[in-house]
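Coordinates as given in query.txt (compact mmCIF, C-alpha atoms):
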```
# COMPACT_ATOMS: atom_id res chain seq x y z
CA MET A 191 -42.34 59.04 23.06
CA GLU A 192 -43.39 55.70 24.52
CA PHE A 193 -41.08 52.74 23.96
CA ALA A 194 -43.13 50.23 25.91
CA PHE A 195 -45.70 47.51 25.39
CA THR A 196 -48.88 47.47 27.46
CA LYS A 197 -49.29 45.00 30.30
CA GLU A 198 -51.88 43.16 28.20
CA GLN A 199 -49.52 42.88 25.23
CA LEU A 200 -46.73 41.45 27.39
CA MET A 201 -49.13 38.90 28.90
CA PHE A 202 -50.27 37.95 25.42
CA LYS A 203 -46.66 37.49 24.28
CA LYS A 204 -46.06 35.09 27.18
CA GLU A 205 -49.15 33.12 26.20
CA VAL A 206 -47.98 32.84 22.59
CA ILE A 207 -44.54 31.66 23.71
CA ARG A 208 -46.12 29.09 26.04
CA PHE A 209 -48.46 27.86 23.28
CA ALA A 210 -45.64 27.62 20.72
CA ARG A 211 -43.27 25.77 23.05
CA GLU A 212 -45.96 23.25 23.97
CA LYS A 213 -47.69 22.70 20.63
CA ILE A 214 -45.23 23.60 17.86
CA VAL A 215 -41.57 23.58 18.89
CA PRO A 216 -41.39 19.83 19.73
CA ARG A 217 -42.32 19.14 16.09
CA VAL A 218 -40.01 21.67 14.43
CA ALA A 219 -36.88 19.54 13.98
CA GLU A 220 -38.77 16.68 12.35
CA HIS A 221 -40.46 18.86 9.74
CA ASP A 222 -37.30 20.82 9.02
CA ARG A 223 -35.34 17.60 8.55
CA ASN A 224 -37.99 16.02 6.30
CA HIS A 225 -38.85 19.18 4.34
CA THR A 226 -42.54 18.76 5.26
CA PHE A 227 -45.22 21.28 6.16
CA ASP A 228 -46.71 20.89 9.65
CA PHE A 229 -50.43 20.97 8.92
CA GLU A 230 -51.29 20.10 12.52
CA ALA A 231 -49.28 22.99 13.93
CA PHE A 232 -50.81 25.35 11.38
CA HIS A 233 -54.32 24.32 12.38
CA LYS A 234 -53.43 24.78 16.05
CA MET A 235 -52.25 28.30 15.22
CA GLY A 236 -55.68 28.90 13.70
CA GLU A 237 -57.43 27.55 16.79
CA PHE A 238 -55.28 29.75 19.02
CA GLY A 239 -56.23 32.77 16.93
CA LEU A 240 -52.85 33.65 15.43
CA LEU A 241 -53.82 33.28 11.76
CA GLY A 242 -56.52 35.92 12.06
CA LEU A 243 -55.24 38.01 14.91
CA HIS A 244 -55.72 41.42 13.29
CA PHE A 245 -58.92 40.66 11.36
CA PRO A 246 -62.36 41.82 12.58
CA GLU A 247 -64.35 39.46 14.79
CA GLU A 248 -67.12 39.26 12.19
CA TYR A 249 -64.83 37.08 10.06
CA GLY A 250 -63.55 35.05 13.01
CA GLY A 251 -60.56 37.27 13.74
CA GLY A 252 -59.26 38.65 17.01
CA GLY A 253 -59.54 42.37 16.29
CA ALA A 254 -56.00 43.02 17.54
CA ASP A 255 -53.95 46.09 16.68
CA VAL A 256 -50.92 45.97 14.40
CA VAL A 257 -48.28 46.15 17.14
CA THR A 258 -49.87 43.21 19.00
CA THR A 259 -50.00 41.24 15.76
CA VAL A 260 -46.32 41.89 15.12
CA LEU A 261 -45.55 40.98 18.73
CA ALA A 262 -47.11 37.56 18.12
CA GLY A 263 -44.63 36.94 15.31
CA GLU A 264 -41.73 37.90 17.54
CA ALA A 265 -43.05 35.54 20.22
CA LEU A 266 -43.14 32.62 17.77
CA GLY A 267 -39.51 33.21 16.84
CA GLU A 268 -38.46 33.65 20.47
CA ALA A 269 -40.17 30.37 21.39
CA GLY A 270 -38.04 28.54 18.81
CA VAL A 271 -40.52 28.09 15.96
CA ASP A 272 -38.67 27.57 12.70
CA GLY A 273 -38.51 30.15 9.91
CA GLY A 274 -40.39 27.86 7.54
CA LEU A 275 -43.61 27.80 9.52
CA THR A 276 -43.49 31.52 10.30
CA LEU A 277 -42.85 32.24 6.61
CA SER A 278 -45.89 30.19 5.62
CA TYR A 279 -47.92 31.96 8.29
CA GLY A 280 -46.86 35.35 6.94
CA ALA A 281 -47.66 34.54 3.31
CA HIS A 282 -51.02 33.10 4.34
CA SER A 283 -52.26 35.77 6.76
CA PHE A 284 -50.68 38.96 5.45
CA LEU A 285 -49.88 38.58 1.75
CA CYS A 286 -53.02 36.63 0.85
CA ALA A 287 -55.79 37.04 3.46
CA ASP A 288 -55.07 40.66 4.37
CA THR A 289 -55.12 41.72 0.71
CA LEU A 290 -58.52 40.08 0.34
CA TYR A 291 -59.72 41.89 3.45
CA CYS A 292 -58.44 45.30 2.31
CA HIS A 293 -59.54 45.10 -1.33
CA GLY A 294 -62.03 42.26 -1.71
CA THR A 295 -65.79 42.60 -2.12
CA ASP A 296 -68.12 41.77 0.76
CA ALA A 297 -68.96 38.50 -0.96
CA GLN A 298 -65.26 37.59 -1.38
CA LYS A 299 -64.49 38.41 2.25
CA THR A 300 -67.48 36.49 3.57
CA ARG A 301 -66.58 33.44 1.50
CA PHE A 302 -62.82 33.26 1.84
CA LEU A 303 -61.73 34.97 5.07
CA PRO A 304 -63.38 32.70 7.70
CA PRO A 305 -61.73 29.45 6.45
CA LEU A 306 -58.38 31.23 6.00
CA ILE A 307 -58.54 32.72 9.49
CA SER A 308 -59.46 29.37 11.07
CA GLY A 309 -56.73 27.53 9.18
CA ASP A 310 -59.20 25.25 7.42
CA LYS A 311 -57.82 26.60 4.16
CA ILE A 312 -54.32 27.78 3.27
CA GLY A 313 -53.56 30.85 1.18
CA CYS A 314 -50.67 32.00 -0.99
CA MET A 315 -49.76 35.03 -3.06
CA GLY A 316 -48.36 34.72 -6.58
CA LEU A 317 -46.35 37.71 -7.81
CA THR A 318 -42.81 36.60 -8.71
CA GLU A 319 -42.08 35.04 -12.12
CA PRO A 320 -38.96 33.47 -13.63
CA ASN A 321 -38.13 36.74 -15.43
CA ALA A 322 -39.96 39.14 -13.14
CA GLY A 323 -38.53 39.18 -9.64
CA SER A 324 -37.42 42.61 -8.52
CA ASP A 325 -38.83 44.05 -11.77
CA VAL A 326 -42.52 43.31 -11.19
CA SER A 327 -43.60 45.22 -14.30
CA ALA A 328 -41.87 42.61 -16.47
CA MET A 329 -44.40 39.89 -15.55
CA LYS A 330 -45.74 37.87 -18.48
CA THR A 331 -48.73 36.15 -16.87
CA THR A 332 -51.90 37.50 -18.47
CA ALA A 333 -55.56 37.59 -17.48
CA LEU A 334 -57.66 38.47 -20.50
CA LYS A 335 -61.36 39.11 -20.08
CA LYS A 336 -63.79 37.05 -22.12
CA GLY A 337 -67.42 37.78 -21.36
CA ASP A 338 -68.03 37.19 -17.67
CA THR A 339 -64.72 35.33 -17.20
CA TYR A 340 -60.97 35.90 -17.21
CA VAL A 341 -58.53 33.50 -18.89
CA LEU A 342 -55.14 33.22 -17.18
CA ASN A 343 -51.97 32.07 -18.91
CA GLY A 344 -48.44 32.10 -17.56
CA SER A 345 -46.46 30.97 -14.54
CA LYS A 346 -45.20 32.05 -11.13
CA THR A 347 -42.18 30.89 -9.18
CA PHE A 348 -40.83 30.83 -5.61
CA ILE A 349 -44.39 30.90 -4.28
CA THR A 350 -44.60 30.25 -0.53
CA ASN A 351 -47.40 27.74 0.21
CA GLY A 352 -47.75 27.13 -3.53
CA PRO A 353 -48.05 23.30 -3.41
CA ILE A 354 -50.49 23.30 -0.46
CA ALA A 355 -52.60 26.41 -1.02
CA ASP A 356 -56.37 26.20 -1.37
CA VAL A 357 -56.70 29.89 -2.23
CA ALA A 358 -54.17 31.71 -4.41
CA LEU A 359 -54.07 35.49 -4.86
CA ILE A 360 -52.54 35.85 -8.32
CA TYR A 361 -51.23 38.99 -9.98
CA ALA A 362 -51.47 39.10 -13.77
CA LYS A 363 -51.45 41.58 -16.64
CA THR A 364 -54.94 42.59 -17.75
CA ASP A 365 -53.32 45.06 -20.13
CA PRO A 366 -50.06 43.55 -21.45
CA GLU A 367 -49.13 46.84 -23.14
CA LYS A 368 -48.88 48.65 -19.83
CA ALA A 369 -46.24 48.23 -17.13
CA HIS A 370 -47.28 48.58 -13.48
CA ASP A 371 -50.66 50.04 -14.42
CA GLY A 372 -51.60 46.90 -16.33
CA ILE A 373 -51.40 44.55 -13.33
CA SER A 374 -54.52 43.21 -11.59
CA ALA A 375 -55.19 40.67 -8.82
CA PHE A 376 -57.36 37.55 -8.91
CA ILE A 377 -58.53 34.74 -6.66
CA VAL A 378 -57.75 31.31 -8.08
CA GLU A 379 -58.91 28.27 -6.14
CA LYS A 380 -57.23 24.91 -5.94
CA GLY A 381 -58.74 22.46 -8.42
CA THR A 382 -59.60 25.09 -11.03
CA PRO A 383 -59.00 23.54 -14.50
CA GLY A 384 -55.84 24.91 -16.04
CA PHE A 385 -54.27 25.73 -12.67
CA GLU A 386 -51.48 23.51 -11.40
CA ALA A 387 -48.81 23.76 -8.72
CA GLY A 388 -45.34 22.34 -9.29
CA PRO A 389 -43.53 20.07 -6.83
CA PRO A 390 -41.99 21.58 -3.69
CA MET A 391 -38.57 23.12 -4.22
CA ASP A 392 -35.60 21.72 -2.29
CA LYS A 393 -34.34 24.76 -0.36
CA LEU A 394 -31.36 25.59 1.84
CA GLY A 395 -33.52 26.90 4.66
CA CYS A 396 -37.16 27.46 5.68
CA ARG A 397 -37.56 23.83 4.69
CA SER A 398 -40.91 23.24 6.37
CA SER A 399 -42.41 25.96 4.18
CA GLN A 400 -43.55 24.50 0.88
CA THR A 401 -42.42 26.58 -2.10
CA SER A 402 -43.17 25.90 -5.76
CA GLU A 403 -43.99 27.18 -9.19
CA LEU A 404 -47.58 27.81 -10.25
CA PHE A 405 -48.79 27.23 -13.81
CA PHE A 406 -51.79 28.65 -15.65
CA SER A 407 -52.84 27.21 -19.00
CA ASN A 408 -56.09 28.68 -20.32
CA CYS A 409 -57.28 28.80 -16.71
CA VAL A 410 -60.82 30.20 -16.72
CA ILE A 411 -62.07 31.97 -13.60
CA PRO A 412 -65.27 33.98 -13.09
CA ALA A 413 -64.99 37.75 -13.45
CA GLU A 414 -66.18 38.05 -9.85
CA ASN A 415 -62.79 36.68 -8.79
CA LEU A 416 -61.16 39.99 -9.70
CA VAL A 417 -59.94 41.62 -6.48
CA GLY A 418 -60.43 45.37 -6.46
CA MET A 419 -60.28 47.08 -9.84
CA GLU A 420 -58.31 46.31 -12.97
CA GLY A 421 -54.92 48.00 -13.05
CA LEU A 422 -54.57 48.43 -9.28
CA GLY A 423 -52.75 45.16 -8.63
CA PHE A 424 -49.29 46.68 -8.29
CA LEU A 425 -50.47 49.22 -5.71
CA MET A 426 -52.20 46.42 -3.80
CA ALA A 427 -49.02 44.34 -3.81
CA MET A 428 -47.00 47.30 -2.59
CA GLN A 429 -49.36 47.77 0.35
CA THR A 430 -48.28 44.37 1.64
CA VAL A 431 -44.82 45.91 2.12
CA GLU A 432 -46.11 47.35 5.42
CA TRP A 433 -46.62 43.80 6.69
CA ASP A 434 -43.47 42.56 4.93
CA ARG A 435 -41.38 45.09 6.87
CA SER A 436 -43.02 44.40 10.24
CA ALA A 437 -44.98 41.18 10.83
CA LEU A 438 -42.88 39.09 8.44
CA LEU A 439 -39.61 40.39 9.93
CA SER A 440 -40.60 40.07 13.58
CA PRO A 441 -40.08 36.27 13.81
CA MET A 442 -36.47 36.88 12.78
CA VAL A 443 -36.08 39.33 15.67
CA GLY A 444 -37.61 36.78 18.03
CA GLY A 445 -35.45 34.05 16.52
CA MET A 446 -32.29 35.98 17.38
CA ASN A 447 -33.51 36.38 20.98
CA HIS A 448 -34.03 32.61 21.01
CA ALA A 449 -30.51 32.02 19.67
CA LEU A 450 -29.10 34.47 22.19
CA ALA A 451 -30.80 32.79 25.16
CA ARG A 452 -29.59 29.37 24.00
CA SER A 453 -26.08 30.73 23.44
CA VAL A 454 -25.90 32.33 26.90
CA THR A 455 -26.96 29.05 28.52
CA TYR A 456 -24.37 27.16 26.50
CA ALA A 457 -21.62 29.70 27.26
CA LYS A 458 -22.26 29.35 30.99
CA GLY A 459 -22.24 25.55 30.98
CA ARG A 460 -19.51 24.75 28.45
CA LYS A 461 -16.05 24.77 30.11
CA GLN A 462 -12.68 24.89 28.39
CA PHE A 463 -9.28 25.53 29.97
CA GLY A 464 -10.85 25.31 33.41
CA ARG A 465 -13.56 27.96 33.06
CA PRO A 466 -16.86 28.63 31.21
CA ILE A 467 -16.34 29.80 27.64
CA GLY A 468 -18.55 32.79 28.48
CA LYS A 469 -15.57 34.21 30.34
CA PHE A 470 -13.54 34.50 27.14
CA TYR A 471 -13.60 37.76 25.18
CA ALA A 472 -14.32 36.05 21.85
CA THR A 473 -17.51 34.57 23.30
CA LYS A 474 -18.56 37.85 24.93
CA GLU A 475 -18.11 39.63 21.61
CA LYS A 476 -20.44 37.19 19.85
CA LEU A 477 -23.11 37.47 22.53
CA ALA A 478 -22.92 41.27 22.41
CA ALA A 479 -23.33 41.26 18.62
CA MET A 480 -26.48 39.13 18.91
CA LYS A 481 -27.96 41.49 21.49
CA ILE A 482 -27.11 44.60 19.50
CA PHE A 483 -28.76 43.20 16.38
CA ALA A 484 -31.90 42.08 18.24
CA GLU A 485 -32.42 45.47 19.91
CA ALA A 486 -31.74 47.57 16.81
CA ALA A 487 -33.89 45.34 14.58
CA LYS A 488 -36.71 45.44 17.11
CA LEU A 489 -36.84 49.24 17.08
CA LEU A 490 -36.86 49.38 13.27
CA VAL A 491 -39.56 46.73 12.91
CA TYR A 492 -41.88 48.15 15.55
CA ARG A 493 -41.52 51.65 14.13
CA ILE A 494 -43.10 50.35 10.91
CA ALA A 495 -45.76 48.47 12.91
CA TRP A 496 -46.63 51.53 15.00
CA CYS A 497 -46.92 53.79 11.94
CA LYS A 498 -49.18 51.26 10.22
CA GLY A 499 -51.30 50.95 13.35
CA GLN A 500 -51.65 54.73 13.52
CA GLY A 501 -52.77 54.86 9.91
CA LYS A 502 -49.75 56.89 8.87
CA PRO A 503 -48.66 56.59 5.22
CA LEU A 504 -45.78 54.18 4.78
CA ASN A 505 -42.38 55.85 4.64
CA HIS A 506 -40.66 53.74 2.01
CA LEU A 507 -37.25 54.95 3.16
CA GLU A 508 -37.80 53.71 6.73
CA ALA A 509 -39.30 50.46 5.42
CA ALA A 510 -36.32 49.84 3.15
CA VAL A 511 -33.88 50.57 6.00
CA ALA A 512 -35.70 48.06 8.24
CA LYS A 513 -35.73 45.36 5.57
CA LEU A 514 -32.09 45.90 4.65
CA PHE A 515 -30.86 45.95 8.24
CA VAL A 516 -32.70 42.80 9.29
CA GLY A 517 -31.86 41.02 6.04
CA ASP A 518 -28.14 41.78 5.89
CA TRP A 519 -27.18 42.11 9.55
CA LEU A 520 -28.97 38.96 10.66
CA LEU A 521 -26.37 36.85 8.91
CA GLY A 522 -23.47 37.83 11.19
CA PRO A 523 -25.10 37.13 14.60
CA SER A 524 -26.70 33.90 13.34
CA ASN A 525 -23.29 32.78 12.13
CA ASP A 526 -21.84 33.71 15.53
CA ALA A 527 -24.46 31.51 17.22
CA VAL A 528 -23.23 28.55 15.19
CA LEU A 529 -19.57 29.29 15.89
CA LEU A 530 -20.16 29.79 19.61
CA HIS A 531 -21.61 26.29 19.87
CA GLY A 532 -18.61 24.85 18.04
CA GLY A 533 -19.17 21.41 16.54
CA TYR A 534 -22.58 21.23 18.21
CA GLY A 535 -23.63 24.38 16.37
CA TYR A 536 -22.98 22.57 13.10
CA CYS A 537 -25.24 19.68 14.11
CA HIS A 538 -28.98 19.59 13.51
CA GLU A 539 -30.04 18.71 17.06
CA TYR A 540 -28.93 22.04 18.56
CA GLY A 541 -30.98 24.16 16.15
CA MET A 542 -28.34 26.83 15.57
CA GLU A 543 -27.56 25.71 12.05
CA ARG A 544 -31.29 25.87 11.24
CA ILE A 545 -31.48 29.48 12.40
CA PHE A 546 -28.46 30.25 10.20
CA ARG A 547 -29.99 28.49 7.17
CA ASP A 548 -33.40 30.09 7.62
CA GLY A 549 -31.80 33.52 7.91
CA ARG A 550 -30.17 33.25 4.50
CA LEU A 551 -33.55 34.00 2.93
CA ALA A 552 -33.80 37.39 4.64
CA PRO A 553 -31.65 39.37 2.12
CA ILE A 554 -33.51 37.75 -0.81
CA GLY A 555 -37.22 37.29 -0.12
CA GLY A 556 -39.68 40.18 -0.05
CA GLY A 557 -37.32 42.54 -1.87
CA THR A 558 -33.60 41.91 -2.15
CA SER A 559 -31.04 43.92 -0.22
CA ASP A 560 -29.75 45.39 -3.49
CA VAL A 561 -33.25 46.70 -4.26
CA GLN A 562 -33.50 48.18 -0.75
CA LYS A 563 -30.19 49.99 -1.30
CA MET A 564 -31.53 51.31 -4.59
CA ILE A 565 -34.68 52.63 -2.84
CA ILE A 566 -32.67 54.18 0.00
CA SER A 567 -30.16 55.91 -2.28
CA LYS A 568 -32.95 57.21 -4.53
CA MET A 569 -34.95 58.65 -1.64
CA ILE A 570 -32.00 60.41 -0.01
```
Using structure tokens, write down the structure from this file.
Amino acid sequence: MEFAFTKEQLMFKKEVIRFAREKIVPRVAEHDRNHTFDFEAFHKMGEFGLLGLHFPEEYGGGGADVVTTVLAGEALGEAGVDGGLTLSYGAHSFLCADTLYCHGTDAQKTRFLPPLISGDKIGCMGLTEPNAGSDVSAMKTTALKKGDTYVLNGSKTFITNGPIADVALIYAKTDPEKAHDGISAFIVEKGTPGFEAGPPMDKLGCRSSQTSELFFSNCVIPAENLVGMEGLGFLMAMQTVEWDRSALLSPMVGGMNHALARSVTYAKGRKQFGRPIGKFYATKEKLAAMKIFAEAAKLLVYRIAWCKGQGKPLNHLEAAVAKLFVGDWLLGPSNDAVLLHGGYGYCHEYGMERIFRDGRLAPIGGGTSDVQKMIISKMI
């Protein structure tokens, strides 16, 4: 068993960290404070190649393997990029663009992937509804076929990139009488009559990521905007779990390494009672907890990434364990990072409170911890 990255992967990680620290991190605090999306940073990520890292070169991508792609997410978090921007990146590249790549027609891929990969357009994925969160089969949004069109009616909520998306991948019931087997996926473009995004939601964390409701009122789209086949939408959505349990979790792993490095520096320099606070057991305990979490989470996340890269079928038990561990156990070490910095940890300028706030989404988004426990208990 090899538990090592290649020399090329490690060099690439350093380049991503350097890029992020120079081009993105200096802007993070401002956008987090103002609840605004950093369009300039997002476009720079596209120019650097991060938005399309794993896509084929024919669409403008980098042709990278899954592990390298996940490593890029870890590098962004380790550099100090906020959870809002990495969340938007994940929803754009993996939940929207990757689904189009895996299931779209040649015409759909040729039309939509290049501008999504370059960052000229922003994508989102609409699955969750007010009464259909963990229970996807309860969705009420419908897409009824009329001639060579589909008519969408309904709404979505908690949609990452919703207010700013140019391309939305929307899941809707094409057969309202069926449960999971009645769900299909569609491309809906910004500006389509009958399609409207609500205002950005005011969130506790991941503030630079714009989240909103989406509304469909007799929204007519061409039948060619169907992605894949009717009735396969739920299976398509579940395939994104492979990315949700690897690439979307990796910035949190990197973020804890960032918090740990900052905490170690602070513990060495901050003196109380005549010596650095790093000499006290309470501080050592907090630093150890951060390191333990980062190492354990890293192994879980990269196991999913490696399996996906090898083309192995997703083990839903392992995926649920990874999601649950990162989601639930992140909260303790991120809280420790705040406490270790004392009053400074509570202040915006040190960035520890942002890491804590951003981490609160982890047990909720992409499948709640309670759902992961249900999956784990069922499979064992």
* Which polymer residues have any atom within 8 Å of an atom of Leu277 of chain A, counting all atoms listed in the file, with same-chain residues fewer than 2 positions away left out, as a ChimeraX atom specification? -> /A:273-275,279-281,350,396,399,438
* Go ahead and compute the interatomic distance for atom CA of Asp296 of chain A and atom CA of Lys363 of chain A, in Å to one decimal. => 24.1 Å
* In Å, rounded to a single decimal, give me how far atom CA of Ser345 of chain A is from atom CA of Leu394 of chain A. =>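 So the two atoms, atom CA of Leu394 of chain A and atom CA of Ser345 of chain A, lie 22.9 Å apart.
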* With all atoms listed in the file as the basis for distance, which of A:Tyr361, A:Phe202, A:Tyr340, A:Tyr534 is at the shortest distance from Leu425 of chain A? ->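 Answer, going by the shortest atom-to-atom distance: A:Tyr361.
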* Residue nearest Glu543 of chain A - candidates A:Glu248, A:Asp518, A:Asp526, A:Glu205, atoms counted: all atoms listed in the file ->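 Going through A:Glu248, A:Asp518, A:Asp526, A:Glu205 one by one, the smallest distance to Glu543 of chain A is for A:Asp526.
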* **Pick from A:Pro503, A:Pro389, A:Gly250, A:Gly344 nearest to Gln429 of chain A, counting all atoms listed in the file** =>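 Ranked by minimum distance to Gln429 of chain A, first place goes to A:Pro503.
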* Asked: What's the 7 Å shell around segment 564-566 of chain A, counting all atoms listed in the file, without same-chain residues fewer than 4 positions away, as a PyMOL selection string?
  -> chain A and resi 507+510+560+570
Restricted to C-alpha atoms, what would the selected residues look like written as an mmCIF file, keeping the file's coordinate frame?
```
data_model
loop_
_atom_site.group_PDB
_atom_site.id
_atom_site.type_symbol
_atom_site.label_atom_id
_atom_site.label_comp_id
_atom_site.auth_asym_id
_atom_site.auth_seq_id
_atom_site.Cartn_x
_atom_site.Cartn_y
_atom_site.Cartn_z
ATOM 1 C CA LEU A 507 -37.250 54.950 3.160
ATOM 2 C CA ALA A 510 -36.320 49.840 3.150
ATOM 3 C CA ASP A 560 -29.750 45.390 -3.490
ATOM 4 C CA ILE A 570 -32.000 60.410 -0.010
#
```
* What is the atom CA of Ser559 of chain A-atom CA of Ala512 of chain A distance in Å, reported with one decimal? ->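 We find that atom CA of Ser559 of chain A and atom CA of Ala512 of chain A lie 10.5 Å from each other.
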Near segment 206-223 of chain A, 12 Å: segment 485-545 of chain A residue rows, closest pairs, only C-alpha atoms, as a Markdown table:
```
| residue | atom | partner | partner_atom | distance |
| --- | --- | --- | --- | --- |
| A:Cys537 | CA | A:Ala219 | CA | 11.6 |
| A:His538 | CA | A:Ala219 | CA | 7.9 |
| A:Glu539 | CA | A:Ala219 | CA | 7.5 |
| A:Tyr540 | CA | A:Ala219 | CA | 9.5 |
| A:Gly541 | CA | A:Ala219 | CA | 7.8 |
| A:Met542 | CA | A:Ala219 | CA | 11.3 |
| A:Glu543 | CA | A:Asp222 | CA | 11.3 |
| A:Arg544 | CA | A:Asp222 | CA | 8.2 |
| A:Ile545 | CA | A:Asp222 | CA | 11.0 |
```
* **From A:Lys481, A:Lys502, A:Tyr536, A:Cys497, residue lying nearest Pro523 of chain A [only C-alpha atoms]** => A:Lys481
* **Residue neighbourhood Val256 of chain A, 8 Å, all atoms listed in the file, exclusion window fewer than 4 positions, as a PyMOL selection string** => chain A and resi 244+260+495-496+498-499
Proximity check segment 362-399 of chain A to segment 301-322 of chain A, 12 Å, nearest pairs one decimal Å, only C-alpha atoms, as JSON lines:
```
{"residue": "A:Ala362", "atom": "CA", "partner": "A:Leu317", "partner_atom": "CA", "distance": 8.0}
{"residue": "A:Lys363", "atom": "CA", "partner": "A:Leu317", "partner_atom": "CA", "distance": 10.9}
{"residue": "A:Ala369", "atom": "CA", "partner": "A:Ala322", "partner_atom": "CA", "distance": 11.7}
{"residue": "A:His370", "atom": "CA", "partner": "A:Ala322", "partner_atom": "CA", "distance": 12.0}
{"residue": "A:Ile373", "atom": "CA", "partner": "A:Leu317", "partner_atom": "CA", "distance": 10.1}
{"residue": "A:Ser374", "atom": "CA", "partner": "A:Leu317", "partner_atom": "CA", "distance": 10.5}
{"residue": "A:Ala375", "atom": "CA", "partner": "A:Gly316", "partner_atom": "CA", "distance": 9.3}
{"residue": "A:Phe376", "atom": "CA", "partner": "A:Gly316", "partner_atom": "CA", "distance": 9.7}
{"residue": "A:Ile377", "atom": "CA", "partner": "A:Met315", "partner_atom": "CA", "distance": 9.5}
{"residue": "A:Val378", "atom": "CA", "partner": "A:Cys314", "partner_atom": "CA", "distance": 10.0}
{"residue": "A:Glu379", "atom": "CA", "partner": "A:Gly313", "partner_atom": "CA", "distance": 9.4}
{"residue": "A:Lys380", "atom": "CA", "partner": "A:Gly313", "partner_atom": "CA", "distance": 10.0}
{"residue": "A:Ala387", "atom": "CA", "partner": "A:Gly316", "partner_atom": "CA", "distance": 11.2}
{"residue": "A:Ser399", "atom": "CA", "partner": "A:Cys314", "partner_atom": "CA", "distance": 11.5}
```
* Asked: Contacts of Ala265 of chain A at 12 Å or less, counting all atoms listed in the file, minus same-chain residues fewer than 5 places along, as a ChimeraX atom specification?
  -> /A:199-211,240,258-260,270-272,276,437,439-448
* Asked: Using all atoms listed in the file, which residues sit within 12 Å of His293 of chain A once same-chain residues fewer than 5 positions away are excluded, as a VMD selection string?
  -> chain A and resid 286 to 288 298 to 299 359 374 to 377 415 to 420 422 to 423 425 to 427 429 to 430
* Asked: From the set A:Phe385, A:Phe406, A:Tyr492, A:Phe284, which residue has the shortest atom-to-atom contact distance to Val257 of chain A, counting all atoms listed in the file?
  ->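 Using all atoms listed in the file, the shortest distance to Val257 of chain A belongs to A:Tyr492.
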* **Given all atoms listed in the file as the counted atoms, nearest of A:Ser324, A:Ala478, A:Met428, A:His282 to Ala358 of chain A** =>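 Residue with the minimum atom-to-atom distance to Ala358 of chain A: A:His282.
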